[in-house]
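What follows is a set of notes on a single structure, which appears directly below.
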Amino acid sequence: MAPAVAQTSNPAGQNTVDRLTPANSTDGIVALVNENAILKSELVDAITQTQARARAAGEPIANSAQLQSEVLNALILRELQLSMVKRVGLSPDETEINQRLAQIAQSQGLNSISALQQRLDAARPGSYAALRAQLIEDAAIQELQQRQISRRVRISEQDIDAFLASPEAKRLNQSEYQTVHVRVPYIDDYSRLSAAQREEALKVAQDLRTRLLEPNVNVSEAVAASQGSYPIPIQGGDMGFHKAASLPTELSSKITNLDIGAVSEPLLTPEGIDIVKLADKKASDTMLIPQWHTRHILVKFDELQTDALAEQKINDLYEQLRNGADFAALASTYSDDPGSAGRGGDLDWVSEEDMVAPFEATMKNTAVGDYSAPFKTQFGWHILKVDGKRQQDVSEQYRRNMARQALYQRLAPQAQEDWLQELRAGAYIQVLG
């Protein structure tokens, strides 16, 4: 993709900067993006990381003028998106960032985020803060892209009907997939890995893939044999049967396209190298899921009402219930959930994963016709009541949701490209020679 930029020396976008290497780089501005600058050191770092990822994938690339132009264009796009993130005030969930850091720690054989911080800062002071900042930026950009793309991709019920009538829709059955998912973690953070360390991880992954291709392979024995002297434990194993909808999004398309017994090529991720085998598959004509007909009373805690006051209020309401008060009447009068209070706290039928974890756990442990003790979530203090439970066939809903996802994935790349072009077109960009 050629960068759509205003340039000071060459309108074609070629050779606008000297060929940069760590040896000849001195910091200076290589591009202006609206009111912000991209430094030469940032470009050198990005080129180095791009080359490292290419080597790890077995496709080394030279430091050419074309590579520099492509990497600079990527930095420009990132800067434009980060500026928009600040304008719209996007702030990623801290829990999500901590989960990502915990995954990185685990991939390096560490049992906590604090251990990861100690290792990174011992190797290079400030590394942990830089990693966390990058993860926050990446998550914010991803959320921004999802918002922008969803506004541009319009999928009608007629589009879904047409897709379901196509041969491609045959894969949207309710099949269950038995998968073997293993990961060869990197020895260190990806950006600091040497070429030899990347090649070592890839060699272990390729050896494991070869072993997994054997019919009736014992997965544990294959993992143990491939582990050898590799210093970080290989993760994963036989994951059992899963519906396609419950498979990890980034792996579902690969798994559903595998034949039984087939193994994917090694998949490079920021944490390690993944290998997936489709061990078995079984079809099902129906997809039954449990659902609970649930009501709740919510008492929020915020700047107007402290946690302690909210807890006191919910305990008072709980005591009224114990003394025979009507649940729906209390919810209508006292619940801080505007969406359900007017219906006596009625949330209708709730499926697994519809609600936050503490709510779901309490709901599952409450008998039909009974109400729970007060419990807390990030939204406030709750009491819930279960009016009924059923097994619901959601096969058709599942197929339509999967069809919508398939159409979205087909249309999203072009929508993203159109949006990025609009973003570039509306910005002041100057590449300095």
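Quick note on naming: the chains in the structure tokens go A, B, ... in the order shown, residues restart at 1 in each chain, and ligands are numbered from 1 in order of appearance.
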Contacts of A:Gln108 at 8 Å (only C-alpha atoms; same-chain gap of 2+ positions) as a PDB file with N, CA, C and O atoms, in the first residue's frame:
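Final output, saved to part-v3.pdb:
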ATOM      1  N   ILE A 104       1.424 -13.007  29.017  1.00  0.00           N
ATOM      2  CA  ILE A 104       2.826 -12.841  28.634  1.00  0.00           C
ATOM      3  C   ILE A 104       3.736 -13.416  29.721  1.00  0.00           C
ATOM      4  O   ILE A 104       4.715 -14.107  29.433  1.00  0.00           O
ATOM      5  N   ALA A 105       3.393 -13.139  30.987  1.00  0.00           N
ATOM      6  CA  ALA A 105       4.181 -13.677  32.098  1.00  0.00           C
ATOM      7  C   ALA A 105       4.186 -15.199  32.068  1.00  0.00           C
ATOM      8  O   ALA A 105       5.241 -15.842  32.204  1.00  0.00           O
ATOM      9  N   GLN A 106       3.013 -15.784  31.859  1.00  0.00           N
ATOM     10  CA  GLN A 106       2.910 -17.240  31.821  1.00  0.00           C
ATOM     11  C   GLN A 106       3.714 -17.820  30.664  1.00  0.00           C
ATOM     12  O   GLN A 106       4.376 -18.856  30.816  1.00  0.00           O
ATOM     13  N   LEU A 110       6.666 -17.436  34.089  1.00  0.00           N
ATOM     14  CA  LEU A 110       6.528 -16.670  35.326  1.00  0.00           C
ATOM     15  C   LEU A 110       5.110 -16.819  35.864  1.00  0.00           C
ATOM     16  O   LEU A 110       4.162 -17.010  35.100  1.00  0.00           O
ATOM     17  N   PRO A 185       6.009 -21.417  23.938  1.00  0.00           N
ATOM     18  CA  PRO A 185       6.222 -20.025  24.361  1.00  0.00           C
ATOM     19  C   PRO A 185       7.629 -19.551  24.004  1.00  0.00           C
ATOM     20  O   PRO A 185       8.566 -20.343  23.916  1.00  0.00           O
ATOM     21  N   TYR A 186       7.768 -18.249  23.813  1.00  0.00           N
ATOM     22  CA  TYR A 186       9.091 -17.677  23.576  1.00  0.00           C
ATOM     23  C   TYR A 186       9.873 -17.621  24.891  1.00  0.00           C
ATOM     24  O   TYR A 186       9.297 -17.550  25.976  1.00  0.00           O
ATOM     25  N   ILE A 187      11.174 -17.616  24.776  1.00  0.00           N
ATOM     26  CA  ILE A 187      12.047 -17.563  25.941  1.00  0.00           C
ATOM     27  C   ILE A 187      12.003 -16.187  26.591  1.00  0.00           C
ATOM     28  O   ILE A 187      12.135 -16.046  27.803  1.00  0.00           O
ATOM     29  N   ASP A 188      11.778 -15.150  25.806  1.00  0.00           N
ATOM     30  CA  ASP A 188      11.762 -13.784  26.304  1.00  0.00           C
ATOM     31  C   ASP A 188      10.702 -13.013  25.548  1.00  0.00           C
ATOM     32  O   ASP A 188      10.039 -13.558  24.648  1.00  0.00           O
ATOM     33  N   ASP A 189      10.497 -11.739  25.897  1.00  0.00           N
ATOM     34  CA  ASP A 189       9.583 -10.888  25.147  1.00  0.00           C
ATOM     35  C   ASP A 189       9.989 -10.880  23.681  1.00  0.00           C
ATOM     36  O   ASP A 189      11.171 -10.821  23.338  1.00  0.00           O
ATOM     37  N   ILE A 232      11.433 -23.412  28.266  1.00  0.00           N
ATOM     38  CA  ILE A 232      10.096 -22.988  28.690  1.00  0.00           C
ATOM     39  C   ILE A 232       9.109 -24.115  28.402  1.00  0.00           C
ATOM     40  O   ILE A 232       9.079 -24.639  27.286  1.00  0.00           O
TER      41      ILE A 232
END
Tell me which of A:Ala46, A:Leu101, A:Ala54, A:Leu164 sits closest to A:Met402, counting only C-alpha atoms.
A:Leu164
Which is closest to A:Gln142 among A:Gln421, A:Ser91, A:Gln227, A:Gln312, if we use only C-alpha atoms?
A:Ser91
Can you pull out every residue within 6 Å of stretch 31-41 of chain A, counting only C-alpha atoms, but drop anything in the same chain fewer than 4 positions away, and send it as a PyMOL selection string?
chain A and resi 27+428-432
Which polymer residues have any atom within 10 Å of an atom of A:Ser264, counting only C-alpha atoms, with same-chain residues fewer than 3 positions away left out, as a compact mmCIF listing (two decimals) with N, CA and C atoms, in the first residue's frame?
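out23.txt written:
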# COMPACT_ATOMS: atom_id res chain seq x y z
N HIS A 181 -4.58 -28.15 20.97
CA HIS A 181 -4.02 -26.81 20.83
C HIS A 181 -2.82 -26.70 21.75
N ARG A 209 4.76 -30.37 15.43
CA ARG A 209 3.76 -30.53 14.37
C ARG A 209 3.93 -31.87 13.66
N LEU A 213 1.11 -35.06 13.55
CA LEU A 213 0.54 -35.57 12.29
C LEU A 213 0.37 -37.09 12.31
N LYS A 254 -9.45 -21.42 11.09
CA LYS A 254 -8.44 -22.43 10.75
C LYS A 254 -8.91 -23.82 11.14
N ILE A 255 -9.52 -23.94 12.33
CA ILE A 255 -9.96 -25.25 12.81
C ILE A 255 -11.09 -25.79 11.96
N ASN A 257 -11.75 -25.33 8.97
CA ASN A 257 -11.32 -25.67 7.61
C ASN A 257 -10.35 -26.85 7.56
N LEU A 258 -9.97 -27.40 8.74
CA LEU A 258 -9.07 -28.55 8.77
C LEU A 258 -9.85 -29.84 8.57
N LEU A 267 1.66 -21.24 13.86
CA LEU A 267 1.03 -19.92 13.81
C LEU A 267 1.77 -19.00 14.78
N ASP A 274 1.80 -21.25 17.96
CA ASP A 274 0.67 -22.15 18.17
C ASP A 274 0.61 -23.22 17.09
N ILE A 275 0.17 -24.42 17.51
CA ILE A 275 -0.09 -25.51 16.58
C ILE A 275 -1.44 -26.09 16.95
N VAL A 276 -2.30 -26.31 15.97
CA VAL A 276 -3.64 -26.81 16.21
C VAL A 276 -3.89 -28.04 15.35
N LYS A 277 -4.41 -29.09 15.98
CA LYS A 277 -4.79 -30.30 15.27
C LYS A 277 -6.28 -30.55 15.47
N LEU A 278 -6.98 -30.91 14.39
CA LEU A 278 -8.38 -31.32 14.50
C LEU A 278 -8.39 -32.84 14.71
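If you look at atom CA of A:Ile113 and atom CA of A:Ser220, they are 28.1 Å away from each other.
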DSSP strand (DSSP E) residues within stretch 146-368 of chain A, listed as a ChimeraX atom specification
/A:176-185,235-243,267-268,272-282,288-299,346-351
Can those selected residues be exported to a file as an mmCIF file, in the first residue's frame so that it contains C-alpha atoms?
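Listed below is the output, again39.cif:
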data_model
loop_
_atom_site.group_PDB
_atom_site.id
_atom_site.type_symbol
_atom_site.label_atom_id
_atom_site.label_comp_id
_atom_site.auth_asym_id
_atom_site.auth_seq_id
_atom_site.Cartn_x
_atom_site.Cartn_y
_atom_site.Cartn_z
ATOM 1 C CA GLU A 176 -18.399 -30.040 17.682
ATOM 2 C CA TYR A 177 -14.650 -30.009 17.145
ATOM 3 C CA GLN A 178 -12.153 -31.959 19.247
ATOM 4 C CA THR A 179 -8.981 -29.919 19.070
ATOM 5 C CA VAL A 180 -5.393 -30.293 20.172
ATOM 6 C CA HIS A 181 -4.021 -26.805 20.830
ATOM 7 C CA VAL A 182 -0.421 -26.417 21.946
ATOM 8 C CA ARG A 183 1.869 -23.410 22.223
ATOM 9 C CA VAL A 184 5.660 -23.166 22.229
ATOM 10 C CA PRO A 185 6.222 -20.025 24.361
ATOM 11 C CA GLN A 235 1.604 -25.313 26.950
ATOM 12 C CA GLY A 236 -1.763 -26.847 26.050
ATOM 13 C CA GLY A 237 -2.860 -30.276 24.913
ATOM 14 C CA ASP A 238 -6.120 -32.038 24.048
ATOM 15 C CA MET A 239 -8.845 -29.427 24.592
ATOM 16 C CA GLY A 240 -11.769 -31.831 24.110
ATOM 17 C CA PHE A 241 -14.917 -31.075 22.071
ATOM 18 C CA HIS A 242 -16.131 -27.507 21.489
ATOM 19 C CA LYS A 243 -18.791 -25.856 19.363
ATOM 20 C CA LEU A 267 1.031 -19.917 13.812
ATOM 21 C CA LEU A 268 3.164 -17.026 15.095
ATOM 22 C CA GLY A 272 4.606 -17.986 21.180
ATOM 23 C CA ILE A 273 4.035 -20.365 18.286
ATOM 24 C CA ASP A 274 0.671 -22.148 18.168
ATOM 25 C CA ILE A 275 -0.086 -25.511 16.576
ATOM 26 C CA VAL A 276 -3.643 -26.806 16.210
ATOM 27 C CA LYS A 277 -4.791 -30.304 15.266
ATOM 28 C CA LEU A 278 -8.377 -31.323 14.500
ATOM 29 C CA ALA A 279 -8.562 -34.685 16.286
ATOM 30 C CA ASP A 280 -12.242 -35.411 15.637
ATOM 31 C CA LYS A 281 -15.539 -33.818 14.679
ATOM 32 C CA LYS A 282 -19.156 -34.765 15.339
ATOM 33 C CA LEU A 288 -29.540 -26.792 23.303
ATOM 34 C CA ILE A 289 -28.375 -24.303 25.915
ATOM 35 C CA PRO A 290 -29.607 -23.677 29.477
ATOM 36 C CA GLN A 291 -31.410 -20.416 30.168
ATOM 37 C CA TRP A 292 -32.663 -18.833 33.402
ATOM 38 C CA HIS A 293 -35.636 -16.459 33.686
ATOM 39 C CA THR A 294 -34.133 -13.932 36.084
ATOM 40 C CA ARG A 295 -35.040 -10.758 37.971
ATOM 41 C CA HIS A 296 -32.726 -8.557 39.971
ATOM 42 C CA ILE A 297 -32.519 -5.533 42.221
ATOM 43 C CA LEU A 298 -29.439 -3.343 41.723
ATOM 44 C CA VAL A 299 -28.073 -0.738 44.124
ATOM 45 C CA ASP A 346 -37.268 -8.680 34.922
ATOM 46 C CA LEU A 347 -34.174 -9.507 32.802
ATOM 47 C CA ASP A 348 -36.096 -12.072 30.709
ATOM 48 C CA TRP A 349 -34.306 -15.313 29.764
ATOM 49 C CA VAL A 350 -30.559 -15.196 30.439
ATOM 50 C CA SER A 351 -27.996 -17.553 28.873
#
Between atom CA of A:Leu193 and atom CA of A:Gln117 lies a distance of 17.1 Å
Shell of 9 Å around stretch 326-335 of chain A, only C-alpha atoms, local chain residues under 2 positions omitted, as a PyMOL selection string:
chain A and resi 295-300+317+320-321+324+337-338+340-346+371+382+385
Would you save the residues from that selection as an mmCIF file, in the first residue's frame, using N, CA and C atoms?
data_model
loop_
_atom_site.group_PDB
_atom_site.id
_atom_site.type_symbol
_atom_site.label_atom_id
_atom_site.label_comp_id
_atom_site.auth_asym_id
_atom_site.auth_seq_id
_atom_site.Cartn_x
_atom_site.Cartn_y
_atom_site.Cartn_z
ATOM 1 N N ARG A 295 -34.785 -12.139 37.559
ATOM 2 C CA ARG A 295 -35.040 -10.758 37.971
ATOM 3 C C ARG A 295 -33.904 -10.319 38.881
ATOM 4 N N HIS A 296 -33.710 -9.016 38.989
ATOM 5 C CA HIS A 296 -32.726 -8.557 39.971
ATOM 6 C C HIS A 296 -33.072 -7.164 40.475
ATOM 7 N N ILE A 297 -32.505 -6.878 41.641
ATOM 8 C CA ILE A 297 -32.519 -5.533 42.221
ATOM 9 C C ILE A 297 -31.073 -5.069 42.269
ATOM 10 N N LEU A 298 -30.798 -3.893 41.738
ATOM 11 C CA LEU A 298 -29.439 -3.343 41.723
ATOM 12 C C LEU A 298 -29.395 -2.061 42.546
ATOM 13 N N VAL A 299 -28.369 -1.976 43.410
ATOM 14 C CA VAL A 299 -28.073 -0.738 44.124
ATOM 15 C C VAL A 299 -26.651 -0.338 43.749
ATOM 16 N N LYS A 300 -26.536 0.770 43.021
ATOM 17 C CA LYS A 300 -25.226 1.207 42.537
ATOM 18 C C LYS A 300 -24.430 1.898 43.635
ATOM 19 N N LEU A 317 -33.116 -4.131 51.911
ATOM 20 C CA LEU A 317 -34.074 -4.722 50.955
ATOM 21 C C LEU A 317 -34.138 -6.234 51.127
ATOM 22 N N GLN A 320 -36.331 -7.060 53.982
ATOM 23 C CA GLN A 320 -37.747 -6.922 53.609
ATOM 24 C C GLN A 320 -38.226 -8.155 52.850
ATOM 25 N N LEU A 321 -37.377 -8.698 51.957
ATOM 26 C CA LEU A 321 -37.743 -9.921 51.237
ATOM 27 C C LEU A 321 -37.937 -11.077 52.210
ATOM 28 N N GLY A 324 -41.248 -11.200 53.709
ATOM 29 C CA GLY A 324 -42.402 -11.459 52.851
ATOM 30 C C GLY A 324 -42.703 -10.405 51.812
ATOM 31 N N ASP A 337 -31.338 -0.111 38.238
ATOM 32 C CA ASP A 337 -31.192 -0.532 36.841
ATOM 33 C C ASP A 337 -32.401 -0.026 36.063
ATOM 34 N N PRO A 338 -32.237 1.066 35.283
ATOM 35 C CA PRO A 338 -33.399 1.645 34.599
ATOM 36 C C PRO A 338 -33.991 0.719 33.542
ATOM 37 N N SER A 340 -34.524 -2.517 33.737
ATOM 38 C CA SER A 340 -35.378 -3.599 34.235
ATOM 39 C C SER A 340 -36.299 -3.174 35.374
ATOM 40 N N ALA A 341 -36.015 -2.060 36.029
ATOM 41 C CA ALA A 341 -36.808 -1.668 37.199
ATOM 42 C C ALA A 341 -38.287 -1.519 36.860
ATOM 43 N N GLY A 342 -38.581 -0.932 35.716
ATOM 44 C CA GLY A 342 -39.975 -0.727 35.320
ATOM 45 C C GLY A 342 -40.717 -2.014 35.044
ATOM 46 N N ARG A 343 -39.978 -3.120 34.897
ATOM 47 C CA ARG A 343 -40.605 -4.430 34.663
ATOM 48 C C ARG A 343 -40.469 -5.313 35.915
ATOM 49 N N GLY A 344 -40.334 -4.672 37.068
ATOM 50 C CA GLY A 344 -40.192 -5.442 38.291
ATOM 51 C C GLY A 344 -38.872 -6.180 38.375
ATOM 52 N N GLY A 345 -37.832 -5.609 37.750
ATOM 53 C CA GLY A 345 -36.502 -6.228 37.755
ATOM 54 C C GLY A 345 -36.318 -7.341 36.748
ATOM 55 N N ASP A 346 -37.290 -7.539 35.852
ATOM 56 C CA ASP A 346 -37.268 -8.680 34.922
ATOM 57 C C ASP A 346 -36.169 -8.518 33.876
ATOM 58 N N TYR A 371 -34.716 -16.557 45.813
ATOM 59 C CA TYR A 371 -33.884 -15.385 45.552
ATOM 60 C C TYR A 371 -32.565 -15.554 46.292
ATOM 61 N N HIS A 382 -26.328 -6.516 44.261
ATOM 62 C CA HIS A 382 -27.503 -7.143 43.634
ATOM 63 C C HIS A 382 -28.177 -8.116 44.604
ATOM 64 N N LYS A 385 -33.448 -13.099 41.565
ATOM 65 C CA LYS A 385 -34.475 -14.123 41.756
ATOM 66 C C LYS A 385 -34.599 -14.910 40.461
#
Surrounding residues of A:Val153 excluding itself and chain neighbours under 6 positions, 9 Å, only C-alpha atoms, as a list in words
Tyr408, Leu411, Ala412 and Ala415 of chain A
Closest of A:Asp336, A:Glu265, A:Glu417, A:Glu353 to A:Ile149 - atom-to-atom distances counting only C-alpha atoms
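Using only C-alpha atoms, A:Ile149 sits closest to A:Glu417.
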